[in-house]
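**Student:** Next up, run.pdb (PDB, C-alpha atoms).
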ATOM      1  CA  MET A  17      72.159 141.294 -30.058
ATOM      2  CA  LYS A  18      70.464 142.718 -33.134
ATOM      3  CA  PHE A  19      67.894 140.901 -35.249
ATOM      4  CA  ILE A  20      66.856 141.569 -38.825
ATOM      5  CA  PRO A  21      63.403 143.260 -38.844
ATOM      6  CA  ALA A  22      60.607 140.841 -39.629
ATOM      7  CA  ASN A  23      59.471 142.753 -42.715
ATOM      8  CA  LEU A  24      62.996 142.635 -44.151
ATOM      9  CA  LEU A  25      63.201 138.907 -43.473
ATOM     10  CA  GLN A  26      59.877 138.362 -45.217
ATOM     11  CA  ARG A  27      60.992 140.295 -48.294
ATOM     12  CA  THR A  28      64.234 138.320 -48.380
ATOM     13  CA  PHE A  29      62.424 134.999 -48.110
ATOM     14  CA  VAL A  30      59.983 135.960 -50.880
ATOM     15  CA  LEU A  31      62.828 136.883 -53.217
ATOM     16  CA  VAL A  32      64.704 133.645 -52.509
ATOM     17  CA  ALA A  33      61.560 131.574 -52.962
ATOM     18  CA  LEU A  34      60.761 133.390 -56.218
ATOM     19  CA  ALA A  35      64.230 132.694 -57.564
ATOM     20  CA  PHE A  36      63.833 129.023 -56.648
ATOM     21  CA  LEU A  37      60.437 128.885 -58.332
ATOM     22  CA  LEU A  38      61.800 130.396 -61.532
ATOM     23  CA  SER A  39      64.584 127.805 -61.629
ATOM     24  CA  CYS A  40      62.212 124.886 -60.905
ATOM     25  CA  SER A  41      59.027 125.910 -62.672
ATOM     26  CA  SER A  42      57.701 122.333 -62.777
ATOM     27  CA  THR A  43      57.660 122.082 -58.989
ATOM     28  CA  LYS A  44      54.247 121.863 -57.358
ATOM     29  CA  TRP A  45      53.901 124.167 -54.394
ATOM     30  CA  SER A  46      51.634 123.960 -51.407
ATOM     31  CA  ALA A  47      48.863 126.531 -51.266
ATOM     32  CA  LYS A  48      49.729 127.017 -47.611
ATOM     33  CA  ASP A  49      50.842 130.536 -46.727
ATOM     34  CA  THR A  50      54.465 131.084 -45.830
ATOM     35  CA  ASP A  51      54.948 130.614 -42.091
ATOM     36  CA  SER A  52      56.886 133.820 -41.498
ATOM     37  CA  ASP A  53      56.411 133.563 -37.727
ATOM     38  CA  GLN A  54      58.100 130.156 -37.667
ATOM     39  CA  MET A  55      60.942 131.371 -39.889
ATOM     40  CA  LEU A  56      61.519 134.371 -37.635
ATOM     41  CA  SER A  57      61.502 132.021 -34.636
ATOM     42  CA  ASP A  58      64.105 129.801 -36.327
ATOM     43  CA  VAL A  59      66.357 132.773 -37.098
ATOM     44  CA  SER A  60      65.923 134.217 -33.614
ATOM     45  CA  TYR A  61      67.004 130.985 -31.924
ATOM     46  CA  LEU A  62      69.898 130.156 -34.232
ATOM     47  CA  ALA A  63      71.253 133.709 -34.037
ATOM     48  CA  SER A  64      70.749 134.074 -30.278
ATOM     49  CA  ASP A  65      73.595 134.780 -27.887
ATOM     50  CA  LYS A  66      73.068 131.416 -26.184
ATOM     51  CA  LEU A  67      74.511 129.677 -29.284
ATOM     52  CA  GLU A  68      77.603 131.925 -29.192
ATOM     53  CA  GLY A  69      77.989 132.231 -32.940
ATOM     54  CA  ARG A  70      77.764 128.507 -33.800
ATOM     55  CA  THR A  71      81.419 128.043 -34.712
ATOM     56  CA  PHE A  72      82.507 124.609 -35.954
ATOM     57  CA  GLY A  73      82.892 122.073 -33.148
ATOM     58  CA  SER A  74      81.468 124.337 -30.435
ATOM     59  CA  LYS A  75      78.671 123.727 -27.935
ATOM     60  CA  GLY A  76      76.640 126.314 -29.831
ATOM     61  CA  GLU A  77      77.019 124.368 -33.059
ATOM     62  CA  ILE A  78      75.816 121.217 -31.277
ATOM     63  CA  LYS A  79      72.756 123.040 -29.923
ATOM     64  CA  ALA A  80      72.009 124.436 -33.366
ATOM     65  CA  GLY A  81      72.310 120.990 -34.952
ATOM     66  CA  ASP A  82      69.996 119.477 -32.354
ATOM     67  CA  TYR A  83      67.455 122.240 -33.001
ATOM     68  CA  ILE A  84      67.529 121.705 -36.768
ATOM     69  CA  ALA A  85      67.151 117.935 -36.342
ATOM     70  CA  GLU A  86      64.141 118.423 -34.069
ATOM     71  CA  ARG A  87      62.541 120.785 -36.587
ATOM     72  CA  MET A  88      63.136 118.273 -39.379
ATOM     73  CA  LYS A  89      61.521 115.561 -37.276
ATOM     74  CA  LYS A  90      58.448 117.717 -36.655
ATOM     75  CA  LEU A  91      58.237 118.427 -40.389
ATOM     76  CA  GLY A  92      57.923 114.695 -41.035
ATOM     77  CA  LEU A  93      61.324 114.169 -42.635
ATOM     78  CA  SER A  94      63.283 110.958 -42.150
ATOM     79  CA  PRO A  95      66.835 110.944 -40.743
ATOM     80  CA  LYS A  96      69.450 110.470 -43.460
ATOM     81  CA  GLY A  97      72.709 110.760 -41.555
ATOM     82  CA  GLU A  98      74.941 108.007 -40.252
ATOM     83  CA  ASN A  99      73.551 104.816 -38.702
ATOM     84  CA  GLY A 100      69.949 105.943 -38.950
ATOM     85  CA  THR A 101      70.565 109.274 -37.191
ATOM     86  CA  TRP A 102      70.023 112.868 -38.259
ATOM     87  CA  PHE A 103      73.762 113.588 -38.166
ATOM     88  CA  GLN A 104      76.911 113.048 -40.174
ATOM     89  CA  SER A 105      80.028 113.738 -38.110
ATOM     90  CA  LEU A 106      83.310 115.007 -39.476
ATOM     91  CA  THR A 107      86.521 115.508 -37.545
ATOM     92  CA  VAL A 108      89.138 117.884 -38.873
ATOM     93  CA  ASN A 109      92.743 118.702 -38.063
ATOM     94  CA  ASN A 110      93.016 122.314 -39.131
ATOM     95  CA  PRO A 111      96.445 123.820 -39.636
ATOM     96  CA  ASN A 112      95.086 125.556 -42.729
ATOM     97  CA  PRO A 113      91.379 126.150 -43.467
ATOM     98  CA  HIS A 114      92.050 125.767 -47.188
ATOM     99  CA  SER A 115      93.922 122.468 -46.852
ATOM    100  CA  VAL A 116      91.573 120.348 -44.809
ATOM    101  CA  GLU A 117      92.777 117.079 -43.303
ATOM    102  CA  TYR A 118      90.102 114.753 -41.965
ATOM    103  CA  THR A 119      91.265 112.838 -38.941
ATOM    104  CA  LYS A 120      89.988 110.738 -36.050
ATOM    105  CA  PRO A 121      88.191 112.134 -32.990
ATOM    106  CA  GLY A 122      90.522 112.868 -30.096
ATOM    107  CA  GLU A 123      93.684 113.422 -32.093
ATOM    108  CA  ASP A 124      95.708 116.491 -31.132
ATOM    109  CA  GLY A 125      94.318 119.693 -32.611
ATOM    110  CA  SER A 126      91.204 118.023 -33.972
ATOM    111  CA  LYS A 127      87.663 119.381 -33.862
ATOM    112  CA  SER A 128      84.410 117.626 -34.702
ATOM    113  CA  GLY A 129      81.240 119.057 -36.225
ATOM    114  CA  ARG A 130      78.044 117.636 -37.691
ATOM    115  CA  ASN A 131      75.994 117.934 -40.852
ATOM    116  CA  VAL A 132      72.244 117.547 -40.254
ATOM    117  CA  LEU A 133      70.277 115.553 -42.837
ATOM    118  CA  GLY A 134      66.561 115.032 -43.359
ATOM    119  CA  TYR A 135      64.979 113.125 -46.268
ATOM    120  CA  MET A 136      61.596 113.413 -47.949
ATOM    121  CA  ASP A 137      60.998 110.131 -49.788
ATOM    122  CA  HIS A 138      58.303 110.268 -52.456
ATOM    123  CA  GLY A 139      59.466 107.078 -54.133
ATOM    124  CA  ALA A 140      60.645 109.127 -57.110
ATOM    125  CA  LYS A 141      63.529 108.260 -59.426
ATOM    126  CA  TYR A 142      65.510 111.417 -58.728
ATOM    127  CA  THR A 143      66.371 113.432 -55.639
ATOM    128  CA  ILE A 144      66.915 117.173 -55.311
ATOM    129  CA  VAL A 145      69.388 118.258 -52.622
ATOM    130  CA  LEU A 146      68.707 121.525 -50.799
ATOM    131  CA  GLY A 147      71.289 122.821 -48.359
ATOM    132  CA  ALA A 148      72.195 125.741 -46.120
ATOM    133  CA  HIS A 149      75.115 126.057 -43.730
ATOM    134  CA  TYR A 150      74.272 126.672 -40.082
ATOM    135  CA  ASP A 151      77.709 127.371 -38.618
ATOM    136  CA  HIS A 152      79.069 130.896 -38.189
ATOM    137  CA  LEU A 153      82.101 132.752 -36.801
ATOM    138  CA  GLY A 154      81.699 132.239 -33.056
ATOM    139  CA  TYR A 155      83.522 135.070 -31.288
ATOM    140  CA  GLY A 156      85.222 136.220 -34.481
ATOM    141  CA  SER A 157      88.648 134.684 -33.923
ATOM    142  CA  PHE A 158      88.848 134.076 -37.697
ATOM    143  CA  GLY A 159      87.102 135.329 -40.809
ATOM    144  CA  SER A 160      85.768 138.516 -39.230
ATOM    145  CA  LEU A 161      86.352 142.167 -40.120
ATOM    146  CA  TYR A 162      85.432 143.170 -36.571
ATOM    147  CA  VAL A 163      88.187 144.956 -34.659
ATOM    148  CA  GLY A 164      88.030 144.851 -30.884
ATOM    149  CA  SER A 165      87.742 142.446 -27.995
ATOM    150  CA  PRO A 166      86.094 139.054 -28.772
ATOM    151  CA  ALA A 167      82.348 139.358 -29.289
ATOM    152  CA  ILE A 168      79.603 136.987 -30.374
ATOM    153  CA  HIS A 169      79.039 137.000 -34.126
ATOM    154  CA  ASN A 170      75.354 136.061 -34.239
ATOM    155  CA  GLY A 171      75.095 135.309 -37.953
ATOM    156  CA  ALA A 172      71.402 136.038 -38.488
ATOM    157  CA  ASP A 173      71.971 136.539 -42.208
ATOM    158  CA  ASP A 174      74.918 134.132 -42.409
ATOM    159  CA  ASN A 175      73.256 131.783 -42.362
ATOM    160  CA  ALA A 176      70.410 131.429 -39.877
ATOM    161  CA  SER A 177      68.042 132.961 -42.443
ATOM    162  CA  GLY A 178      69.094 130.371 -45.032
ATOM    163  CA  VAL A 179      68.376 127.550 -42.590
ATOM    164  CA  ALA A 180      64.958 129.041 -41.868
ATOM    165  CA  MET A 181      64.237 129.032 -45.603
ATOM    166  CA  LEU A 182      65.486 125.442 -45.880
ATOM    167  CA  LEU A 183      63.005 124.352 -43.220
ATOM    168  CA  GLU A 184      60.209 126.350 -44.844
ATOM    169  CA  LEU A 185      60.887 124.568 -48.142
ATOM    170  CA  ALA A 186      60.646 121.238 -46.320
ATOM    171  CA  GLU A 187      57.112 122.225 -45.354
ATOM    172  CA  ARG A 188      56.104 123.550 -48.761
ATOM    173  CA  LEU A 189      57.478 120.704 -50.894
ATOM    174  CA  LYS A 190      55.506 117.946 -49.197
ATOM    175  CA  GLU A 191      52.948 117.851 -51.992
ATOM    176  CA  ASP A 192      55.457 117.635 -54.841
ATOM    177  CA  LYS A 193      55.721 113.923 -55.608
ATOM    178  CA  LYS A 194      57.857 114.351 -58.722
ATOM    179  CA  PHE A 195      61.115 114.294 -56.748
ATOM    180  CA  ASN A 196      62.540 113.101 -53.464
ATOM    181  CA  TYR A 197      64.207 115.837 -51.418
ATOM    182  CA  LEU A 198      67.287 115.747 -49.224
ATOM    183  CA  PHE A 199      67.623 118.712 -46.860
ATOM    184  CA  ILE A 200      71.093 119.285 -45.396
ATOM    185  CA  GLY A 201      72.237 121.726 -42.742
ATOM    186  CA  PHE A 202      75.963 121.952 -43.429
ATOM    187  CA  THR A 203      78.645 122.685 -40.861
ATOM    188  CA  GLY A 204      82.148 124.042 -41.374
ATOM    189  CA  GLU A 205      81.237 126.325 -44.266
ATOM    190  CA  GLU A 206      83.020 129.300 -42.736
ATOM    191  CA  ASN A 207      86.206 127.247 -42.400
ATOM    192  CA  GLY A 208      86.302 126.304 -46.078
ATOM    193  CA  LEU A 209      83.186 124.372 -47.131
ATOM    194  CA  TRP A 210      84.155 121.469 -44.874
ATOM    195  CA  GLY A 211      80.676 120.020 -44.371
ATOM    196  CA  SER A 212      79.556 120.126 -47.996
ATOM    197  CA  ASN A 213      82.862 118.762 -49.267
ATOM    198  CA  TYR A 214      82.718 115.972 -46.709
ATOM    199  CA  TYR A 215      79.196 115.045 -47.742
ATOM    200  CA  CYS A 216      80.168 114.841 -51.410
ATOM    201  CA  ASP A 217      82.985 112.478 -50.436
ATOM    202  CA  HIS A 218      80.778 110.478 -48.029
ATOM    203  CA  PRO A 219      77.219 110.648 -49.426
ATOM    204  CA  THR A 220      74.329 108.944 -47.662
ATOM    205  CA  ILE A 221      72.302 108.568 -50.864
ATOM    206  CA  ASP A 222      73.296 107.544 -54.387
ATOM    207  CA  LEU A 223      74.561 110.778 -55.979
ATOM    208  CA  GLY A 224      73.929 109.241 -59.391
ATOM    209  CA  ASN A 225      70.222 109.786 -58.752
ATOM    210  CA  VAL A 226      70.619 113.426 -57.715
ATOM    211  CA  THR A 227      69.316 116.034 -60.148
TER     212      THR A 227
END
Would you kindly transcribe this structure into structure tokens?

**Tutor:**
Amino acid sequence: MKFIPANLLQRTFVLVALAFLLSCSSTKWSAKDTDSDQMLSDVSYLASDKLEGRTFGSKGEIKAGDYIAERMKKLGLSPKGENGTWFQSLTVNNPNPHSVEYTKPGEDGSKSGRNVLGYMDHGAKYTIVLGAHYDHLGYGSFGSLYVGSPAIHNGADDNASGVAMLLELAERLKEDKKFNYLFIGFTGEENGLWGSNYYCDHPTIDLGNVT
């Protein structure tokens, strides 16, 4: 597999962080240097062949979700999924990616995936939600321009790098007490924004307090 060079990743992360800073100029940032080694490690694992492209409902997606949850735990976040867990499960019957039908696990043609949610509670009035999707195209059976026999679509830039930035922000926003922060690794984005749509319909915090 091919990885994005570290220097290119660092430049990308700096640009994304700068854009975020410009849009949230009142945010207090940690003086801690960016942990580029950790971000590269996150991208390298999530985009590795062993996760087989992280397609929705696959074993690779489960491994990726477990990894993100463990990283959130180490960062000191609190689980904000279902029943006190890090996860929010959604099961989909998918005749058409653009006409999603949520269903029950085990029904014919259904697949299940998981959003991963970590919360930073500063006791503030409002919460900022930061998200990045962690699923990708698997072996390219849909959504790929690749022509040829099935091959792993590693998805380093779509969106392992975004997840790495999400986790870096979880580290750097610890000192900002003005807001609470909800960090979400979304699934099913490649299929039609399934995970983010599902969360908006089944929120685990009061969306009226989201800014």

**Student:** Between A:Asn109, A:Ser177, A:Thr220, A:Asn213, which residue has the minimum interatomic distance to Tyr150 (chain A), considering all atoms listed in the file?

**Tutor:**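 Selected residue with least distance to Tyr150 (chain A): A:Ser177.
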
**Student:** Separation of CA of Glu86 (chain A) and CA of Trp102 (chain A), in Å?

**Tutor:**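 Straight-line distance from CA of Glu86 (chain A) to CA of Trp102 (chain A) works out to 9.1 Å.
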
**Student:** Could you please give me, as a CSV table (one decimal) with C-alpha atoms, in the coordinates of the input, the residues of protein, DNA or RNA lying at most 9 Å from (84.1, 131.7, -44.2) in the coordinate frame of the file, considering all atoms listed in the file?

**Tutor:**
chain,number,residue,atom,x,y,z
A,152,HIS,CA,79.1,130.9,-38.2
A,153,LEU,CA,82.1,132.8,-36.8
A,158,PHE,CA,88.8,134.1,-37.7
A,159,GLY,CA,87.1,135.3,-40.8
A,160,SER,CA,85.8,138.5,-39.2
A,204,GLY,CA,82.1,124.0,-41.4
A,205,GLU,CA,81.2,126.3,-44.3
A,206,GLU,CA,83.0,129.3,-42.7
A,207,ASN,CA,86.2,127.2,-42.4
A,208,GLY,CA,86.3,126.3,-46.1
A,209,LEU,CA,83.2,124.4,-47.1

**Student:** Kindly extract all protein, DNA and RNA residues lying within 7 Å of the coordinates (64.3, 119.6, -47.5) given in the file, considering only C-alpha atoms, and supply them as a PyMOL selection string.

**Tutor:** chain A and resi 134-136+146+182-183+185-186+197-199

**Student:** Apply the PyMOL selection byres ((chain A and resi 155) around 10) to the displayed file and report the matching residues as a PDB file with C-alpha atoms, in the coordinates of the input.

**Tutor:**
ATOM      1  CA  GLU A  68      77.603 131.925 -29.192  1.00  0.00           C
ATOM      2  CA  GLY A  69      77.989 132.231 -32.940  1.00  0.00           C
ATOM      3  CA  ARG A  70      77.764 128.507 -33.800  1.00  0.00           C
ATOM      4  CA  THR A  71      81.419 128.043 -34.712  1.00  0.00           C
ATOM      5  CA  HIS A 152      79.069 130.896 -38.189  1.00  0.00           C
ATOM      6  CA  LEU A 153      82.101 132.752 -36.801  1.00  0.00           C
ATOM      7  CA  GLY A 154      81.699 132.239 -33.056  1.00  0.00           C
ATOM      8  CA  GLY A 156      85.222 136.220 -34.481  1.00  0.00           C
ATOM      9  CA  SER A 157      88.648 134.684 -33.923  1.00  0.00           C
ATOM     10  CA  PHE A 158      88.848 134.076 -37.697  1.00  0.00           C
ATOM     11  CA  SER A 160      85.768 138.516 -39.230  1.00  0.00           C
ATOM     12  CA  TYR A 162      85.432 143.170 -36.571  1.00  0.00           C
ATOM     13  CA  SER A 165      87.742 142.446 -27.995  1.00  0.00           C
ATOM     14  CA  PRO A 166      86.094 139.054 -28.772  1.00  0.00           C
ATOM     15  CA  ALA A 167      82.348 139.358 -29.289  1.00  0.00           C
ATOM     16  CA  ILE A 168      79.603 136.987 -30.374  1.00  0.00           C
ATOM     17  CA  HIS A 169      79.039 137.000 -34.126  1.00  0.00           C
ATOM     18  CA  ASN A 170      75.354 136.061 -34.239  1.00  0.00           C
TER      19      ASN A 170
END

**Student:** Do you have the CA of Asp174 (chain A)-CA of Pro219 (chain A) distance handy?

**Tutor:**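 CA of Pro219 (chain A) lies at a distance of 24.6 Å from CA of Asp174 (chain A).
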
**Student:** Please determine, counting all atoms listed in the file, which residue among A:Gly147, A:Gly211, A:Gly100, A:Gly129 has the shortest atom-to-atom distance to Ala180 (chain A).

**Tutor:**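 When distances to Ala180 (chain A) are compared using all atoms listed in the file, the smallest one comes from A:Gly147.
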
**Student:** With all atoms listed in the file as the counted atoms, please give the residues lying no more than 12 Å from Leu223 (chain A), apart from itself and same-chain residues fewer than 6 positions off, as a list in words.

**Tutor:**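 These residues fall inside the cut-off: Lys141, Tyr142, Thr143, Ile144, Val145, Leu198, Tyr215, Cys216 and Asp217 of chain A.
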
**Student:** Could you list, as a ChimeraX atom specification, every residue matched by the PyMOL selection byres ((chain A and resi 57-63) around 6) in this structure?

**Tutor:** /A:54-56,64,170-172,176-177,180

**Student:** Compare A:Ala85, A:Val163, A:Leu106, A:Leu91 by their minimum atom-to-atom distance to Phe72 (chain A), counting all atoms listed in the file, and give me the closest one.

**Tutor:** A:Leu106

**Student:** Quick one: which residues end up in the PyMOL selection byres ((chain A and resi 190) around 10) for this structure, as a list in words?

**Tutor:**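 Applied to this file, the PyMOL selection byres ((chain A and resi 190) around 10) selects Lys44, Trp45, Ser46, Leu91, Gly92, Leu93, Met136, Asp137, His138, Leu185, Ala186, Glu187, Arg188, Leu189, Glu191, Asp192, Lys193, Asn196 and Tyr197 of chain A.
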
**Student:** Have a look at CA of Lys96 (chain A) and CA of Val108 (chain A) and let me know their distance in Å, one decimal.

**Tutor:**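 Separating CA of Lys96 (chain A) from CA of Val108 (chain A) is a distance of 21.5 Å.
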
**Student:** Return the single residue from A:Gly164, A:Asn131, A:Glu98, A:Asp222 that is closest to Asp82 (chain A), with distances computed using only C-alpha atoms.

**Tutor:** A:Asn131

**Student:** Between A:Lys90, A:Asp151, A:Gly139, A:Asn175, single out the one closest to Ser74 (chain A), counting all atoms listed in the file.

**Tutor:**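 Ranking A:Lys90, A:Asp151, A:Gly139, A:Asn175 by distance to Ser74 (chain A), first place goes to A:Asp151.
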
**Student:** Which of these, A:Asp53, A:Gly178, A:Phe103, A:Tyr83, has the shortest distance to Leu67 (chain A) once you count only C-alpha atoms?

**Tutor:**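 Closest residue, counting only C-alpha atoms: A:Tyr83.
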